[in-house]
Structures are given as C-alpha cells and as structure tokens.
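Trainee: Just so it is clear, I am handing over my_file-v1.txt, which has compact mmCIF, C-alpha atoms.
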```txt
# COMPACT_ATOMS: atom_id res chain seq x y z
CA MET A 1 78.02 120.83 64.41
CA ALA A 2 80.21 121.07 61.30
CA THR A 3 82.26 124.22 60.95
CA GLN A 4 84.86 125.92 58.79
CA ALA A 5 84.90 128.95 61.14
CA ARG A 6 83.75 131.38 58.46
CA ASN A 7 82.73 133.98 61.03
CA VAL A 8 83.69 133.83 64.71
CA PHE A 9 80.66 135.88 65.77
CA TYR A 10 78.30 133.49 63.97
CA PHE A 11 80.11 130.56 65.55
CA ARG A 12 79.68 131.96 69.06
CA GLU A 13 75.97 132.49 68.47
CA ALA A 14 75.59 128.94 67.17
CA VAL A 15 77.29 127.44 70.23
CA GLU A 16 75.29 129.60 72.63
CA SER A 17 72.03 128.54 71.00
CA VAL A 18 72.85 124.88 71.68
CA LEU A 19 74.01 125.38 75.25
CA CYS A 20 70.76 127.21 76.06
CA GLN A 21 68.51 124.29 75.10
CA THR A 22 65.58 123.31 77.32
CA GLN A 23 66.83 119.71 76.90
CA PRO A 24 70.06 119.89 78.94
CA ASP A 25 71.30 116.31 78.53
CA PHE A 26 73.40 116.28 75.35
CA GLU A 27 76.91 116.36 73.94
CA LEU A 28 77.91 119.20 71.61
CA LEU A 29 80.32 117.63 69.13
CA ILE A 30 82.01 120.26 66.96
CA VAL A 31 83.96 119.08 63.91
CA PHE A 32 86.41 121.68 62.60
CA ASP A 33 87.08 120.92 58.96
CA GLY A 34 90.66 122.02 58.27
CA CYS A 35 90.39 125.20 60.34
CA GLY A 36 93.70 124.87 62.17
CA GLU A 37 94.33 126.91 65.30
CA ASP A 38 92.34 130.12 64.96
CA ALA A 39 90.06 132.46 66.87
CA THR A 40 87.58 129.65 67.49
CA ASN A 41 89.91 128.45 70.26
CA GLU A 42 89.21 131.65 72.18
CA VAL A 43 85.48 131.21 71.66
CA LEU A 44 85.52 127.65 72.96
CA ALA A 45 87.73 128.61 75.91
CA SER A 46 85.12 131.17 76.97
CA PHE A 47 82.56 128.39 77.54
CA ASP A 48 83.11 126.46 80.75
CA ASP A 49 80.90 123.57 79.71
CA THR A 50 81.91 119.91 79.80
CA ARG A 51 79.25 119.04 77.20
CA ILE A 52 81.44 120.54 74.44
CA ARG A 53 83.77 118.18 72.56
CA ALA A 54 85.83 119.57 69.67
CA ILE A 55 87.33 117.47 66.87
CA ARG A 56 89.86 119.14 64.56
CA SER A 57 90.92 117.95 61.13
CA VAL A 58 94.33 119.17 59.96
CA ARG A 59 93.25 119.24 56.32
CA ASN A 60 89.95 120.09 54.71
CA ARG A 61 87.96 116.88 54.21
CA GLY A 62 84.69 118.37 52.95
CA LEU A 63 81.27 118.42 54.54
CA ALA A 64 80.18 114.87 53.68
CA ARG A 65 83.27 113.26 55.17
CA SER A 66 83.19 115.55 58.23
CA LEU A 67 79.60 114.55 58.89
CA ASN A 68 80.48 110.86 58.63
CA ILE A 69 83.29 111.43 61.13
CA ALA A 70 80.88 113.16 63.51
CA VAL A 71 78.43 110.25 63.30
CA ARG A 72 81.19 107.75 64.04
CA LEU A 73 82.56 109.69 67.03
CA ALA A 74 79.23 110.69 68.55
CA ARG A 75 78.16 108.92 71.75
CA ALA A 76 74.43 109.65 71.84
CA PRO A 77 71.78 107.53 70.09
CA LEU A 78 70.18 110.64 68.55
CA LEU A 79 72.06 113.21 66.46
CA ALA A 80 70.89 116.76 65.76
CA ARG A 81 72.74 118.42 62.90
CA MET A 82 73.45 122.13 62.39
CA ASP A 83 75.97 124.50 60.79
CA ASP A 84 78.28 127.01 62.45
CA ASP A 85 76.35 130.06 61.24
CA ASP A 86 72.84 128.95 62.24
CA ARG A 87 71.01 129.17 65.56
CA CYS A 88 68.81 126.62 67.32
CA LEU A 89 65.61 127.72 68.98
CA PRO A 90 65.69 126.86 72.72
CA GLU A 91 63.20 123.99 72.52
CA ARG A 92 64.63 122.33 69.41
CA LEU A 93 66.32 119.30 70.99
CA GLN A 94 63.51 118.63 73.42
CA LEU A 95 60.74 118.75 70.81
CA GLN A 96 62.62 116.73 68.21
CA ARG A 97 63.70 114.13 70.74
CA GLU A 98 60.13 113.65 71.98
CA GLU A 99 58.71 113.49 68.46
CA ILE A 100 61.29 111.18 66.90
CA GLU A 101 60.67 108.67 69.69
CA ARG A 102 56.89 109.04 69.52
CA ARG A 103 56.79 108.49 65.76
CA GLY A 104 59.60 105.96 65.55
CA CYS A 105 61.36 107.96 62.83
CA ASP A 106 64.86 107.39 61.51
CA VAL A 107 65.14 111.03 60.43
CA LEU A 108 62.98 113.93 61.64
CA GLY A 109 63.07 117.37 60.06
CA ALA A 110 61.68 120.77 61.03
CA ASN A 111 60.97 124.12 59.43
CA ALA A 112 63.32 127.09 59.83
CA PHE A 113 63.21 130.86 60.02
CA VAL A 114 65.56 132.71 57.66
CA ILE A 115 67.96 135.24 59.18
CA ASP A 116 70.28 137.70 57.49
CA GLY A 117 73.96 138.43 58.08
CA LYS A 118 73.11 140.50 61.16
CA GLY A 119 70.98 137.79 62.71
CA ARG A 120 67.64 139.45 61.95
CA ARG A 121 64.73 137.31 60.81
CA VAL A 122 63.77 137.98 57.21
CA GLU A 123 60.12 138.97 57.08
CA ASP A 124 57.78 136.36 55.56
CA ALA A 125 60.74 134.03 54.90
CA LEU A 126 60.13 130.54 56.27
CA LEU A 127 61.91 127.45 54.99
CA THR A 128 59.59 124.45 54.76
CA ALA A 129 60.17 120.87 53.66
CA ASN A 130 58.36 117.65 52.77
CA PRO A 131 60.30 114.36 53.06
CA ASP A 132 57.47 112.49 51.30
CA LEU A 133 58.84 113.91 48.04
CA ALA A 134 61.91 111.66 48.35
CA THR A 135 60.10 108.79 46.64
CA HIS A 136 58.91 110.87 43.66
CA PRO A 137 61.59 111.54 40.98
CA PHE A 138 60.54 115.12 40.22
CA GLY A 139 60.02 116.02 43.87
CA ALA A 140 63.26 114.33 44.89
CA VAL A 141 65.26 116.57 42.58
CA PHE A 142 63.45 119.88 42.93
CA GLY A 143 61.53 119.62 46.20
CA ASN A 144 62.82 120.54 49.64
CA LEU A 145 62.98 117.14 51.36
CA PHE A 146 64.65 118.25 54.57
CA ILE A 147 66.30 121.42 55.80
CA HIS A 148 69.67 119.80 56.37
CA PRO A 149 70.87 121.73 59.48
CA ALA A 150 67.47 121.21 61.12
CA VAL A 151 67.32 117.40 61.05
CA MET A 152 67.58 114.93 63.90
CA MET A 153 68.50 111.33 63.07
CA ARG A 154 69.22 108.08 64.83
CA ARG A 155 72.92 107.33 65.04
CA LYS A 156 72.43 103.65 64.16
CA TRP A 157 70.61 104.73 60.98
CA ALA A 158 73.33 107.25 60.10
CA LEU A 159 76.03 104.59 60.53
CA LEU A 160 74.28 102.45 57.94
CA ASN A 161 73.38 105.33 55.62
CA ARG A 162 76.52 107.38 55.20
CA TYR A 163 76.94 110.61 53.24
CA ASP A 164 78.59 110.00 49.87
CA ARG A 165 81.70 112.19 49.84
CA ASN A 166 81.90 111.92 46.03
CA TRP A 167 78.85 114.13 45.71
CA GLY A 168 80.22 117.36 47.18
CA ARG A 169 77.26 119.73 47.20
CA GLY A 170 73.91 117.98 47.33
CA GLN A 171 75.23 115.13 49.47
CA ASP A 172 72.27 115.48 51.83
CA ARG A 173 69.60 115.28 49.13
CA GLU A 174 71.33 112.28 47.56
CA LEU A 175 71.29 110.55 50.96
CA TRP A 176 67.58 111.23 51.57
CA VAL A 177 66.66 109.84 48.15
CA ARG A 178 68.97 106.82 48.38
CA ALA A 179 67.67 105.77 51.81
CA ALA A 180 63.99 106.67 51.32
CA GLN A 181 62.72 103.18 50.50
CA THR A 182 64.13 101.63 53.68
CA SER A 183 63.72 104.53 56.13
CA VAL A 184 61.02 106.21 58.18
CA TYR A 185 61.02 109.98 57.63
CA GLY A 186 59.09 112.57 59.61
CA HIS A 187 58.72 116.33 59.71
CA LEU A 188 57.67 118.97 62.23
CA GLU A 189 55.91 122.06 60.93
CA ALA A 190 57.24 124.11 63.84
CA PRO A 191 60.30 126.26 63.01
CA LEU A 192 63.10 125.03 65.30
CA LEU A 193 66.11 126.63 63.60
CA GLU A 194 67.20 130.05 62.41
CA TYR A 195 68.92 129.50 59.07
CA ARG A 196 71.43 132.14 58.03
CA ARG A 197 71.11 132.65 54.29
CA GLN A 198 74.36 133.58 52.58
CA PRO A 199 74.50 134.94 49.00
CA ALA A 200 75.37 132.12 46.59
CA THR A 201 78.28 132.65 44.21
CA LYS A 202 78.06 131.62 40.56
CA SER A 203 80.35 128.66 41.21
CA VAL A 204 78.09 127.43 44.02
CA GLN A 205 75.02 127.87 41.81
CA MET A 206 76.69 125.86 39.06
CA LYS A 207 77.58 123.05 41.48
CA ASN A 208 73.96 122.96 42.64
CA VAL A 209 72.80 122.59 39.03
CA GLN A 210 75.33 119.83 38.39
CA SER A 211 74.18 117.97 41.52
CA ALA A 212 70.56 118.24 40.35
CA TYR A 213 71.43 116.73 36.97
CA ARG A 214 73.26 113.83 38.65
CA LEU A 215 70.27 113.14 40.86
CA ILE A 216 67.90 113.30 37.87
CA TRP A 217 70.07 110.69 36.14
CA ASN A 218 70.01 108.44 39.23
CA CYS A 219 66.23 108.80 39.58
CA ARG A 220 65.44 108.26 35.90
```
Let me see the structure of the file written as structure tokens.
Mentor:
Amino acid sequence: MATQARNVFYFREAVESVLCQTQPDFELLIVFDGCGEDATNEVLASFDDTRIRAIRSVRNRGLARSLNIAVRLARAPLLARMDDDDRCLPERLQLQREEIERRGCDVLGANAFVIDGKGRRVEDALLTANPDLATHPFGAVFGNLFIHPAVMMRRKWALLNRYDRNWGRGQDRELWVRAAQTSVYGHLEAPLLEYRRQPATKSVQMKNVQSAYRLIWNCR
C-alpha cells in the first residue's frame, strides 16, 4: 500500500479491509511517502497484527519510486497493490491469487466499485478495464488497461519491469504499454476493490493530458 496519509479515516478503512481478507497469509507492506510522524502512527498502533510492516521515507519520492521501493522490499512472490483511500473486498486476495496462478499471468487486474468521500458506493458507477488494449496505440492511450490499485502482479516480473519515475502521473499506463509485448496480462470481471474517487484539480487534469500526449508520441 502506498500512502501520503491524506485522510486518517480513509487510511484506517484501507488497512482494515486488508486485515479482514479471507486469504489470511500475507504481509501488509505500507510505504509512507514523506509523511513524517503523524496521526498514522496512532492508527497503526491500534492494530495488533504482526503482518503489518511500515516503511517511511523522510522526503517525498513520488508514487513511481515508492512503488519500486515496495517491490524491492516485499517478501512475497505475489504483490497486490492499493492506495490508502481505497478498500479491498474481503475475497480480493484469495480470488486474485487463485486466478493468477491458474492462468499463469504476470499481472492480473479486476473491476472496482466507485465510492464517494463518505465511503458510499456511487450508483451505477463501476470501473472496468481491458488489458488487451495495451498492444493497440489508440486503446493504449485512451483505454482503461488496468485499474491500478486493483492489480496483482508477480514480484519477479515487477523487479524486471519497474515504474519509470520520470513519468509522474501516468506511470502505470506507461508501464503496462512498455511491458505488454513480453508479458501475460489477465483480468477478472468481478469487482474486488472499492475505489474512492476524488475530484481532480485543473493541475491534475493538465498532467493527465500531458501524460497522454507523451504516450501517444511513444506509441506512434
């Protein structure tokens, strides 16, 4: 889990959703990206669970670099990614673990429900994806290849296919496209994550547009 501790309540819900998984054998690796000592310490102290391992970065390194750090420090052969304001459904790890092994995938995605700031599911809002679009230039840029916080990947694959920290926003899409020709992608139609949708600022929207143009240039 990558976190900047934007909301302590969201963070607690995210941690609880992982600890309540039907697949109990896992390590919860939390990478704090330049958070310092804050209220998240109290949240973590309230969980008496040896499966939790927290890694703190003194300065902000950005999401791509934090994810690469998490991959390097993780101990398990399979990695399930999520953000600090999302929630896993109870069967997420179990279903993805079974399916990624059955299919022999390097990366396995899943659909996600959309929730609002109060944790309520948004009616008729379901995030879907199609990793097959990664090999088609138009689909790679504009399609939803994976829902990033809902993916499970093999650690050995992630060590070879690192996030490019020079990309900033869009680092996940760039990775999926770059690795598509040499990777096995899969997707589950079942929603296994509750994705908290936050309003995008104009600066974030502009960065998304810039990332899309860069990817178009790379896929030309």
Trainee: Please report the interatomic distance between CA of Val151 (chain A) and CA of Ala110 (chain A) in Å with one decimal.
Mentor: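 Atom-to-atom, CA of Val151 (chain A) and CA of Ala110 (chain A) are spaced 6.6 Å apart.
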Trainee: Could you state the separation of CA of Tyr10 (chain A) and CA of Arg87 (chain A) in Å, given to one decimal place?
Mentor: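 CA of Tyr10 (chain A) sits 8.6 Å away from CA of Arg87 (chain A).
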Trainee: Using all atoms listed in the file, which of A:Phe113, A:Phe146, A:Tyr195, A:Trp157 sits nearest Ala134 (chain A)?
Mentor: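 Ranked by minimum distance to Ala134 (chain A), first place goes to A:Phe146.
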Trainee: Enter the distance from CA of Gln23 (chain A) to CA of Asp132 (chain A), in Å, rounded to one decimal.
Mentor: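 Between CA of Gln23 (chain A) and CA of Asp132 (chain A) the gap works out to 28.2 Å.
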Trainee: I'd like the contact shell of Val71 (chain A) - 9 Å cut-off, all atoms listed in the file, skipping same-chain residues fewer than 4 positions apart - returned as a PyMOL selection string.
Mentor: chain A and resi 66-67+75+79+155-156+158-159+162
Trainee: Please return as a count of residues only every residue within 10 Å of (81.2, 111.7, 58.6), taking into account all atoms listed in the file and the file's own coordinates.
Mentor: 21
